[in-house]
$ cat query.pdb   # PDB, C-alpha atoms
ATOM      1  CA  MET A 775     144.857 -48.256 -44.638
ATOM      2  CA  ASN A 776     144.123 -45.040 -46.448
ATOM      3  CA  ARG A 777     140.559 -46.226 -46.919
ATOM      4  CA  ASN A 778     140.171 -46.921 -43.215
ATOM      5  CA  ILE A 779     141.441 -43.451 -42.295
ATOM      6  CA  THR A 780     139.062 -41.778 -44.774
ATOM      7  CA  ALA A 781     136.123 -43.810 -43.453
ATOM      8  CA  THR A 782     137.069 -43.003 -39.877
ATOM      9  CA  ILE A 783     137.401 -39.271 -40.658
ATOM     10  CA  LEU A 784     134.018 -39.286 -42.407
ATOM     11  CA  ILE A 785     132.378 -41.052 -39.444
ATOM     12  CA  ILE A 786     133.950 -38.558 -37.013
ATOM     13  CA  LEU A 787     132.779 -35.659 -39.204
ATOM     14  CA  ALA A 788     129.258 -37.136 -39.362
ATOM     15  CA  ILE A 789     129.149 -37.519 -35.591
ATOM     16  CA  ALA A 790     130.480 -33.977 -35.079
ATOM     17  CA  LEU A 791     127.979 -32.616 -37.637
ATOM     18  CA  TYR A 792     125.158 -34.405 -35.815
ATOM     19  CA  PHE A 793     126.080 -32.981 -32.394
ATOM     20  CA  THR A 794     126.846 -29.456 -33.659
ATOM     21  CA  TYR A 795     124.112 -28.865 -36.216
ATOM     22  CA  THR A 796     121.668 -31.727 -36.768
ATOM     23  CA  SER A 797     120.695 -32.268 -33.114
ATOM     24  CA  GLY A 798     119.682 -28.578 -32.767
ATOM     25  CA  VAL A 799     117.632 -28.692 -35.966
ATOM     26  CA  TRP A 800     116.091 -31.993 -34.846
ATOM     27  CA  ALA A 801     115.126 -30.514 -31.443
ATOM     28  CA  ASN A 802     113.541 -27.491 -33.193
ATOM     29  CA  ALA A 803     111.657 -29.819 -35.528
ATOM     30  CA  VAL A 804     110.334 -31.843 -32.561
ATOM     31  CA  ALA A 805     109.219 -28.619 -30.807
ATOM     32  CA  VAL A 806     107.489 -27.378 -33.973
ATOM     33  CA  LYS A 807     105.756 -30.746 -34.351
ATOM     34  CA  ALA A 808     104.520 -30.566 -30.733
ATOM     35  CA  VAL A 809     103.129 -27.054 -31.307
ATOM     36  CA  ASN A 810     101.592 -28.222 -34.580
ATOM     37  CA  ASP A 811      99.934 -31.144 -32.772
ATOM     38  CA  ASP A 812      98.517 -28.720 -30.165
ATOM     39  CA  TYR A 813      97.122 -26.497 -32.913
ATOM     40  CA  SER A 814      95.665 -29.499 -34.726
ATOM     41  CA  SER A 815      93.989 -30.616 -31.492
ATOM     42  CA  ALA A 816      92.660 -27.085 -30.866
ATOM     43  CA  ILE A 817      91.281 -26.928 -34.418
ATOM     44  CA  ALA A 818      89.582 -30.304 -33.972
ATOM     45  CA  ASN A 819      88.084 -29.148 -30.646
ATOM     46  CA  SER A 820      86.900 -25.888 -32.181
ATOM     47  CA  GLU A 821      85.263 -27.799 -35.033
ATOM     48  CA  LYS A 822      83.449 -29.970 -32.483
ATOM     49  CA  LEU A 823      82.411 -26.853 -30.565
ATOM     50  CA  ILE A 824      81.148 -25.160 -33.745
ATOM     51  CA  SER A 825      79.237 -28.306 -34.678
ATOM     52  CA  GLN A 826      77.674 -28.485 -31.202
ATOM     53  CA  ARG A 827      76.813 -24.768 -31.303
ATOM     54  CA  ASP A 828      75.144 -25.165 -34.713
ATOM     55  CA  SER A 829      73.161 -28.142 -33.435
ATOM     56  CA  VAL A 830      71.967 -26.244 -30.349
ATOM     57  CA  LEU A 831      71.154 -23.167 -32.439
ATOM     58  CA  LYS A 832      69.133 -25.318 -34.847
ATOM     59  CA  ASP A 833      67.220 -26.848 -31.921
ATOM     60  CA  TYR A 834      66.654 -23.384 -30.429
ATOM     61  CA  ASN A 835      65.358 -22.031 -33.745
ATOM     62  CA  ASN A 836      62.883 -24.934 -33.907
ATOM     63  CA  ILE A 837      61.281 -23.791 -30.624
ATOM     64  CA  SER A 838      58.112 -21.802 -31.204
ATOM     65  CA  ALA A 839      57.870 -18.155 -30.121
ATOM     66  CA  ASP A 840      55.265 -19.058 -27.478
ATOM     67  CA  ASP A 841      57.517 -21.737 -26.012
ATOM     68  CA  ARG A 842      60.465 -19.312 -25.959
ATOM     69  CA  SER A 843      58.297 -16.804 -24.128
ATOM     70  CA  ASN A 844      57.329 -19.495 -21.613
ATOM     71  CA  LEU A 845      61.003 -20.429 -21.121
ATOM     72  CA  ASP A 846      61.837 -16.773 -20.490
ATOM     73  CA  LYS A 847      59.087 -16.639 -17.858
ATOM     74  CA  MET A 848      60.281 -19.878 -16.251
ATOM     75  CA  LEU A 849      63.917 -18.837 -16.016
ATOM     76  CA  PRO A 850      64.351 -15.149 -16.871
ATOM     77  CA  ASN A 851      67.733 -13.654 -17.708
ATOM     78  CA  THR A 852      67.226 -10.508 -15.623
ATOM     79  CA  VAL A 853      66.295  -9.767 -12.045
ATOM     80  CA  ASP A 854      62.921  -8.027 -12.077
ATOM     81  CA  ASN A 855      61.892  -7.990  -8.428
ATOM     82  CA  ILE A 856      59.101  -5.501  -9.071
ATOM     83  CA  ARG A 857      57.467  -7.701 -11.736
ATOM     84  CA  LEU A 858      57.828 -10.717  -9.441
ATOM     85  CA  VAL A 859      56.147  -8.915  -6.514
ATOM     86  CA  ILE A 860      53.380  -7.645  -8.822
ATOM     87  CA  ASP A 861      52.767 -11.179 -10.123
ATOM     88  CA  LEU A 862      52.567 -12.607  -6.596
ATOM     89  CA  THR A 863      50.275  -9.758  -5.489
ATOM     90  CA  ASN A 864      47.977 -10.365  -8.461
ATOM     91  CA  ILE A 865      47.741 -14.064  -7.613
ATOM     92  CA  GLY A 866      46.831 -13.121  -4.030
ATOM     93  CA  LEU A 867      44.207 -10.619  -5.213
ATOM     94  CA  GLN A 868      42.610 -13.344  -7.366
ATOM     95  CA  HIS A 869      42.033 -15.269  -4.133
ATOM     96  CA  GLY A 870      40.635 -12.313  -2.226
ATOM     97  CA  PHE A 871      43.553 -11.176  -0.091
ATOM     98  CA  SER A 872      46.584  -8.963  -0.389
ATOM     99  CA  LEU A 873      50.173  -9.697   0.502
ATOM    100  CA  LYS A 874      51.812  -7.802   3.361
ATOM    101  CA  ASN A 875      55.438  -7.128   4.252
ATOM    102  CA  VAL A 876      56.689  -8.212   0.827
ATOM    103  CA  THR A 877      60.459  -8.191   0.429
ATOM    104  CA  ALA A 878      62.521  -9.452  -2.483
ATOM    105  CA  SER A 879      66.274  -9.567  -2.698
ATOM    106  CA  ALA A 880      68.587 -11.057  -5.281
ATOM    107  CA  LYS A 881      71.651 -12.913  -4.153
ATOM    108  CA  ALA A 882      74.425 -14.042  -6.456
ATOM    109  CA  SER A 883      75.387 -17.678  -6.482
ATOM    110  CA  ASN A 884      79.045 -18.670  -6.277
ATOM    111  CA  ASP A 885      78.282 -22.131  -7.634
ATOM    112  CA  SER A 886      79.052 -22.716 -11.266
ATOM    113  CA  THR A 887      76.969 -24.978 -13.413
ATOM    114  CA  SER A 888      78.491 -28.074 -14.950
ATOM    115  CA  ASN A 889      78.630 -26.376 -18.352
ATOM    116  CA  SER A 890      80.499 -23.383 -16.966
ATOM    117  CA  GLY A 891      82.921 -25.794 -15.284
ATOM    118  CA  GLN A 892      83.485 -27.530 -18.596
ATOM    119  CA  ILE A 893      84.037 -24.193 -20.337
ATOM    120  CA  ALA A 894      86.462 -23.077 -17.646
ATOM    121  CA  ASN A 895      88.309 -26.417 -17.915
ATOM    122  CA  PHE A 896      88.522 -26.020 -21.700
ATOM    123  CA  ALA A 897      89.821 -22.459 -21.264
ATOM    124  CA  SER A 898      92.489 -23.541 -18.792
ATOM    125  CA  THR A 899      93.780 -26.331 -21.036
ATOM    126  CA  HIS A 900      93.537 -24.493 -24.355
ATOM    127  CA  GLY A 901      94.183 -20.896 -23.373
ATOM    128  CA  SER A 902      91.777 -17.989 -23.736
ATOM    129  CA  ILE A 903      88.494 -18.718 -25.476
ATOM    130  CA  GLY A 904      87.477 -15.143 -26.160
ATOM    131  CA  ASN A 905      84.354 -13.465 -24.866
ATOM    132  CA  ILE A 906      82.235 -16.513 -24.084
ATOM    133  CA  SER A 907      79.928 -15.629 -21.220
ATOM    134  CA  ILE A 908      79.414 -18.325 -18.631
ATOM    135  CA  PRO A 909      75.803 -18.248 -17.411
ATOM    136  CA  THR A 910      75.173 -18.799 -13.728
ATOM    137  CA  LEU A 911      71.981 -19.559 -11.901
ATOM    138  CA  ASP A 912      71.239 -16.911  -9.274
ATOM    139  CA  THR A 913      68.504 -16.804  -6.643
ATOM    140  CA  VAL A 914      65.904 -14.218  -5.709
ATOM    141  CA  SER A 915      64.615 -14.613  -2.162
ATOM    142  CA  VAL A 916      61.043 -13.384  -1.551
ATOM    143  CA  SER A 917      59.192 -13.235   1.748
ATOM    144  CA  PHE A 918      55.679 -12.048   2.516
ATOM    145  CA  SER A 919      52.868 -12.526   4.996
ATOM    146  CA  VAL A 920      49.148 -12.897   4.434
ATOM    147  CA  SER A 921      45.984 -13.340   6.488
ATOM    148  CA  ALA A 922      43.452 -15.619   4.813
ATOM    149  CA  PRO A 923      41.186 -18.621   5.316
ATOM    150  CA  TYR A 924      42.989 -21.925   4.960
ATOM    151  CA  GLN A 925      41.306 -23.034   1.706
ATOM    152  CA  GLN A 926      41.972 -19.689   0.000
ATOM    153  CA  PHE A 927      45.619 -19.896   0.995
ATOM    154  CA  ILE A 928      45.857 -23.483  -0.328
ATOM    155  CA  SER A 929      44.354 -22.306  -3.654
ATOM    156  CA  PHE A 930      46.870 -19.447  -3.690
ATOM    157  CA  MET A 931      49.750 -21.888  -3.152
ATOM    158  CA  GLN A 932      48.426 -24.163  -5.915
ATOM    159  CA  ASP A 933      48.404 -21.190  -8.301
ATOM    160  CA  ILE A 934      52.005 -20.405  -7.338
ATOM    161  CA  GLU A 935      52.839 -24.048  -8.020
ATOM    162  CA  ALA A 936      51.143 -23.884 -11.440
ATOM    163  CA  ASN A 937      52.852 -20.592 -12.309
ATOM    164  CA  LEU A 938      55.435 -20.799 -15.094
ATOM    165  CA  ARG A 939      58.120 -19.195 -12.947
ATOM    166  CA  ILE A 940      60.020 -21.743 -10.876
ATOM    167  CA  MET A 941      59.504 -21.058  -7.165
ATOM    168  CA  ASP A 942      60.622 -23.135  -4.194
ATOM    169  CA  ILE A 943      58.973 -22.590  -0.820
ATOM    170  CA  THR A 944      61.788 -22.518   1.738
ATOM    171  CA  HIS A 945      59.889 -21.549   4.888
ATOM    172  CA  LEU A 946      56.210 -21.484   5.892
ATOM    173  CA  THR A 947      54.812 -20.402   9.248
ATOM    174  CA  VAL A 948      51.127 -20.673  10.183
ATOM    175  CA  THR A 949      49.475 -18.903  13.131
ATOM    176  CA  ALA A 950      45.803 -19.487  14.002
ATOM    177  CA  ASN A 951      43.394 -16.647  14.895
ATOM    178  CA  ASP A 952      40.026 -16.637  16.663
ATOM    179  CA  THR A 953      38.418 -15.110  13.544
ATOM    180  CA  GLY A 954      38.741 -18.260  11.408
ATOM    181  CA  THR A 955      41.596 -16.862   9.352
ATOM    182  CA  TYR A 956      45.207 -17.818   9.614
ATOM    183  CA  ASP A 957      48.334 -15.674   9.484
ATOM    184  CA  PHE A 958      50.783 -17.184   7.022
ATOM    185  CA  SER A 959      54.403 -16.159   6.667
ATOM    186  CA  VAL A 960      56.053 -17.453   3.480
ATOM    187  CA  GLN A 961      59.602 -17.403   2.223
ATOM    188  CA  LEU A 962      60.392 -18.666  -1.262
ATOM    189  CA  ASN A 963      63.222 -18.725  -3.744
ATOM    190  CA  THR A 964      62.956 -18.147  -7.448
ATOM    191  CA  TYR A 965      65.750 -18.166  -9.973
ATOM    192  CA  TRP A 966      67.218 -16.214 -12.856
ATOM    193  CA  LEU A 967      69.975 -16.949 -15.319
ATOM    194  CA  ARG A 968      72.761 -14.356 -15.296
ATOM    195  CA  GLN A 969      74.523 -14.177 -18.671
TER     196      GLN A 969
END
$ encode --input "query.pdb" --output "C-alpha cells"
Amino acid sequence: MNRNITATILIILAIALYFTYTSGVWANAVAVKAVNDDYSSAIANSEKLISQRDSVLKDYNNISADDRSNLDKMLPNTVDNIRLVIDLTNIGLQHGFSLKNVTASAKASNDSTSNSGQIANFASTHGSIGNISIPTLDTVSVSFSVSAPYQQFISFMQDIEANLRIMDITHLTVTANDTGTYDFSVQLNTYWLRQ
C-alpha cells in the first residue's frame, strides 16, 4: 500500500508540475518556434528576392549602352515636357509645318503596376521592406494643332509612330479648308516611369 501511495503522490506531483511550470514553458517554446518559423520563411523569401535581383541586374548589365539609351527614350524616368514639345516641333518642321497651340501636362496615375502590387502584398505580409521604391507609370497629355496638306500630315504621323518614345493618339479632329490644306487637332498621351 505504501508503494501505491508513493506512486500516486508522484503522479499528482507530476501533474501539478506540468500545470504550474511545464505548460508555461511549453507555450513559450511553441511561440518561439512560431516566430522562428516566420523568420526562416522571411530569410528564404529574402534569398529568393536577392537571387531574382541579381538575375535582373545581370540581364540589365548585358544590355548595351545604345539599347539602354533607347529604353530611356522609350520610357523616360522624368517628365521633360519641354524636350517632348521640342521633339514634336522638330518632327513637324521636317515635314514643312509648325505646330500651334501646343500644350503638355503631366498627370499622375493612381493605378499600380502588377509588380508594385506584389511588392505591396509582400510588405503587408512580411512587415516593412525598407526603402524600396515602387515605380508607377504616369501619363503626359499633349495637344496641338497644325495646318498642312494631307500627305504631309500622314508622313508626320508615321514619323511619330516610328519615334522611340511611346505615344498613343487619343483624339484627332480634321477640318477641311478651301486652300487644299487641312486643320488637324491632335491629342496624344505619352508615358514616363516615376521611381
$ axis_aligned_box --input "query.pdb" --around "stretch 779-797 of chain A" --padding-each-side "5 Å" --output "JSON"
{"center_x": 131.1, "center_y": -36.3, "center_z": -38.6, "size_x": 30.7, "size_y": 24.9, "size_z": 22.4}
$ atom_distance --input "query.pdb" --atom1 "atom CA of A:Asp942" --atom2 "atom CA of A:His869"
20.2 Å
$ atom_distance --input "query.pdb" --atom1 "atom CA of A:Ala790" --atom2 "atom CA of A:Val809"
28.5 Å
$ residues_around --input "query.pdb" --residues "A:Asn851" --least-positions-apart "3" --cutoff "10 Å" --atoms "all atoms listed in the file" --output "PyMOL selection string"
chain A and resi 846-848+854+909-912+965-969
$ atom_distance --input "query.pdb" --atom1 "atom CA of A:Thr877" --atom2 "atom CA of A:Thr949"
19.9 Å
$ residues_around --input "query.pdb" --residues "stretch 923-926 of chain A" --least-positions-apart "4" --cutoff "8 Å" --atoms "all atoms listed in the file" --output "list in words"
His869, Gly870, Phe930, Gly954, Thr955 and Tyr956 of chain A
$ closest_residue --input "query.pdb" --among "A:Ser843, A:Ser919, A:Gln826, A:Ser814" --to "A:Arg939" --atoms "all atoms listed in the file"
A:Ser843
$ resolve_selection --input "query.pdb" --expression "the PyMOL selection byres ((chain A and resi 871) around 10)" --output "PyMOL selection string"
chain A and resi 863-870+872-874+920-923+926-927+930
$ resolve_selection --input "query.pdb" --expression "the PyMOL selection byres ((chain A and resi 917) around 7)" --output "short mmCIF file (atom, residue, chain, number, x, y, z; two decimals) with C-alpha atoms, keeping the file's coordinate frame"
data_model
loop_
_atom_site.label_atom_id
_atom_site.label_comp_id
_atom_site.auth_asym_id
_atom_site.auth_seq_id
_atom_site.Cartn_x
_atom_site.Cartn_y
_atom_site.Cartn_z
CA VAL A 876 56.69 -8.21 0.83
CA THR A 877 60.46 -8.19 0.43
CA ALA A 878 62.52 -9.45 -2.48
CA SER A 915 64.61 -14.61 -2.16
CA VAL A 916 61.04 -13.38 -1.55
CA PHE A 918 55.68 -12.05 2.52
CA VAL A 960 56.05 -17.45 3.48
CA GLN A 961 59.60 -17.40 2.22
CA LEU A 962 60.39 -18.67 -1.26
#
$ closest_residue --input "query.pdb" --among "A:Arg827, A:Asn963, A:Leu784, A:Glu821" --to "A:Asn855" --atoms "only C-alpha atoms"
A:Asn963
$ closest_residue --input "query.pdb" --among "A:Val859, A:Val853, A:Ala788, A:Val830" --to "A:Ala880" --atoms "all atoms listed in the file"
A:Val853
$ decode --input "query.pdb" --residues "stretch 797-832 of chain A" --atoms "N, CA and C atoms" --output "PDB file, in the first residue's frame"
ATOM      1  N   SER A 797       3.701  23.595 -18.566  1.00  0.00           N
ATOM      2  CA  SER A 797       2.779  24.092 -19.597  1.00  0.00           C
ATOM      3  C   SER A 797       3.158  25.505 -20.025  1.00  0.00           C
ATOM      4  N   GLY A 798       3.595  26.358 -19.079  1.00  0.00           N
ATOM      5  CA  GLY A 798       4.030  27.720 -19.423  1.00  0.00           C
ATOM      6  C   GLY A 798       5.286  27.695 -20.280  1.00  0.00           C
ATOM      7  N   VAL A 799       6.244  26.864 -19.904  1.00  0.00           N
ATOM      8  CA  VAL A 799       7.479  26.743 -20.690  1.00  0.00           C
ATOM      9  C   VAL A 799       7.164  26.183 -22.076  1.00  0.00           C
ATOM     10  N   TRP A 800       6.255  25.209 -22.116  1.00  0.00           N
ATOM     11  CA  TRP A 800       5.863  24.611 -23.405  1.00  0.00           C
ATOM     12  C   TRP A 800       5.195  25.660 -24.308  1.00  0.00           C
ATOM     13  N   ALA A 801       4.309  26.478 -23.745  1.00  0.00           N
ATOM     14  CA  ALA A 801       3.645  27.529 -24.530  1.00  0.00           C
ATOM     15  C   ALA A 801       4.669  28.535 -25.049  1.00  0.00           C
ATOM     16  N   ASN A 802       5.644  28.917 -24.214  1.00  0.00           N
ATOM     17  CA  ASN A 802       6.714  29.826 -24.662  1.00  0.00           C
ATOM     18  C   ASN A 802       7.539  29.183 -25.773  1.00  0.00           C
ATOM     19  N   ALA A 803       7.814  27.907 -25.644  1.00  0.00           N
ATOM     20  CA  ALA A 803       8.599  27.208 -26.664  1.00  0.00           C
ATOM     21  C   ALA A 803       7.840  27.162 -27.994  1.00  0.00           C
ATOM     22  N   VAL A 804       6.525  26.941 -27.935  1.00  0.00           N
ATOM     23  CA  VAL A 804       5.705  26.921 -29.151  1.00  0.00           C
ATOM     24  C   VAL A 804       5.692  28.310 -29.792  1.00  0.00           C
ATOM     25  N   ALA A 805       5.575  29.370 -28.980  1.00  0.00           N
ATOM     26  CA  ALA A 805       5.583  30.737 -29.513  1.00  0.00           C
ATOM     27  C   ALA A 805       6.933  31.062 -30.148  1.00  0.00           C
ATOM     28  N   VAL A 806       8.011  30.671 -29.499  1.00  0.00           N
ATOM     29  CA  VAL A 806       9.356  30.905 -30.056  1.00  0.00           C
ATOM     30  C   VAL A 806       9.524  30.137 -31.356  1.00  0.00           C
ATOM     31  N   LYS A 807       9.013  28.917 -31.421  1.00  0.00           N
ATOM     32  CA  LYS A 807       9.107  28.138 -32.660  1.00  0.00           C
ATOM     33  C   LYS A 807       8.330  28.806 -33.788  1.00  0.00           C
ATOM     34  N   ALA A 808       7.145  29.371 -33.473  1.00  0.00           N
ATOM     35  CA  ALA A 808       6.348  30.052 -34.495  1.00  0.00           C
ATOM     36  C   ALA A 808       7.091  31.286 -35.019  1.00  0.00           C
ATOM     37  N   VAL A 809       7.688  32.056 -34.116  1.00  0.00           N
ATOM     38  CA  VAL A 809       8.476  33.226 -34.536  1.00  0.00           C
ATOM     39  C   VAL A 809       9.674  32.770 -35.355  1.00  0.00           C
ATOM     40  N   ASN A 810      10.321  31.710 -34.928  1.00  0.00           N
ATOM     41  CA  ASN A 810      11.474  31.173 -35.651  1.00  0.00           C
ATOM     42  C   ASN A 810      11.072  30.731 -37.053  1.00  0.00           C
ATOM     43  N   ASP A 811       9.901  30.097 -37.176  1.00  0.00           N
ATOM     44  CA  ASP A 811       9.412  29.686 -38.495  1.00  0.00           C
ATOM     45  C   ASP A 811       9.149  30.898 -39.380  1.00  0.00           C
ATOM     46  N   ASP A 812       8.586  31.980 -38.800  1.00  0.00           N
ATOM     47  CA  ASP A 812       8.361  33.210 -39.569  1.00  0.00           C
ATOM     48  C   ASP A 812       9.683  33.787 -40.061  1.00  0.00           C
ATOM     49  N   TYR A 813      10.668  33.825 -39.178  1.00  0.00           N
ATOM     50  CA  TYR A 813      11.986  34.347 -39.574  1.00  0.00           C
ATOM     51  C   TYR A 813      12.624  33.469 -40.642  1.00  0.00           C
ATOM     52  N   SER A 814      12.487  32.169 -40.501  1.00  0.00           N
ATOM     53  CA  SER A 814      13.047  31.255 -41.507  1.00  0.00           C
ATOM     54  C   SER A 814      12.379  31.481 -42.862  1.00  0.00           C
ATOM     55  N   SER A 815      11.056  31.679 -42.848  1.00  0.00           N
ATOM     56  CA  SER A 815      10.332  31.957 -44.086  1.00  0.00           C
ATOM     57  C   SER A 815      10.770  33.290 -44.679  1.00  0.00           C
ATOM     58  N   ALA A 816      10.938  34.316 -43.827  1.00  0.00           N
ATOM     59  CA  ALA A 816      11.382  35.627 -44.313  1.00  0.00           C
ATOM     60  C   ALA A 816      12.783  35.539 -44.898  1.00  0.00           C
ATOM     61  N   ILE A 817      13.664  34.768 -44.275  1.00  0.00           N
ATOM     62  CA  ILE A 817      15.022  34.599 -44.799  1.00  0.00           C
ATOM     63  C   ILE A 817      14.978  33.886 -46.143  1.00  0.00           C
ATOM     64  N   ALA A 818      14.146  32.869 -46.261  1.00  0.00           N
ATOM     65  CA  ALA A 818      14.030  32.158 -47.544  1.00  0.00           C
ATOM     66  C   ALA A 818      13.490  33.095 -48.622  1.00  0.00           C
ATOM     67  N   ASN A 819      12.478  33.916 -48.274  1.00  0.00           N
ATOM     68  CA  ASN A 819      11.940  34.873 -49.248  1.00  0.00           C
ATOM     69  C   ASN A 819      12.970  35.916 -49.632  1.00  0.00           C
ATOM     70  N   SER A 820      13.744  36.383 -48.660  1.00  0.00           N
ATOM     71  CA  SER A 820      14.771  37.382 -48.979  1.00  0.00           C
ATOM     72  C   SER A 820      15.852  36.787 -49.865  1.00  0.00           C
ATOM     73  N   GLU A 821      16.186  35.525 -49.650  1.00  0.00           N
ATOM     74  CA  GLU A 821      17.177  34.867 -50.512  1.00  0.00           C
ATOM     75  C   GLU A 821      16.653  34.742 -51.938  1.00  0.00           C
ATOM     76  N   LYS A 822      15.359  34.430 -52.080  1.00  0.00           N
ATOM     77  CA  LYS A 822      14.758  34.384 -53.414  1.00  0.00           C
ATOM     78  C   LYS A 822      14.782  35.758 -54.059  1.00  0.00           C
ATOM     79  N   LEU A 823      14.442  36.789 -53.269  1.00  0.00           N
ATOM     80  CA  LEU A 823      14.431  38.157 -53.773  1.00  0.00           C
ATOM     81  C   LEU A 823      15.830  38.597 -54.190  1.00  0.00           C
ATOM     82  N   ILE A 824      16.839  38.271 -53.390  1.00  0.00           N
ATOM     83  CA  ILE A 824      18.221  38.618 -53.737  1.00  0.00           C
ATOM     84  C   ILE A 824      18.642  37.893 -55.004  1.00  0.00           C
ATOM     85  N   SER A 825      18.264  36.626 -55.117  1.00  0.00           N
ATOM     86  CA  SER A 825      18.595  35.858 -56.317  1.00  0.00           C
ATOM     87  C   SER A 825      17.936  36.462 -57.555  1.00  0.00           C
ATOM     88  N   GLN A 826      16.660  36.840 -57.424  1.00  0.00           N
ATOM     89  CA  GLN A 826      15.944  37.466 -58.541  1.00  0.00           C
ATOM     90  C   GLN A 826      16.576  38.803 -58.906  1.00  0.00           C
ATOM     91  N   ARG A 827      16.920  39.604 -57.882  1.00  0.00           N
ATOM     92  CA  ARG A 827      17.555  40.902 -58.124  1.00  0.00           C
ATOM     93  C   ARG A 827      18.880  40.724 -58.864  1.00  0.00           C
ATOM     94  N   ASP A 828      19.691  39.748 -58.430  1.00  0.00           N
ATOM     95  CA  ASP A 828      20.974  39.504 -59.085  1.00  0.00           C
ATOM     96  C   ASP A 828      20.781  39.070 -60.532  1.00  0.00           C
ATOM     97  N   SER A 829      19.751  38.262 -60.776  1.00  0.00           N
ATOM     98  CA  SER A 829      19.467  37.819 -62.138  1.00  0.00           C
ATOM     99  C   SER A 829      19.060  38.995 -63.021  1.00  0.00           C
ATOM    100  N   VAL A 830      18.180  39.860 -62.502  1.00  0.00           N
ATOM    101  CA  VAL A 830      17.744  41.028 -63.273  1.00  0.00           C
ATOM    102  C   VAL A 830      18.905  41.986 -63.496  1.00  0.00           C
ATOM    103  N   LEU A 831      19.732  42.182 -62.472  1.00  0.00           N
ATOM    104  CA  LEU A 831      20.889  43.067 -62.604  1.00  0.00           C
ATOM    105  C   LEU A 831      21.878  42.525 -63.641  1.00  0.00           C
ATOM    106  N   LYS A 832      22.055  41.212 -63.662  1.00  0.00           N
ATOM    107  CA  LYS A 832      22.941  40.604 -64.662  1.00  0.00           C
ATOM    108  C   LYS A 832      22.378  40.828 -66.066  1.00  0.00           C
TER     109      LYS A 832
END
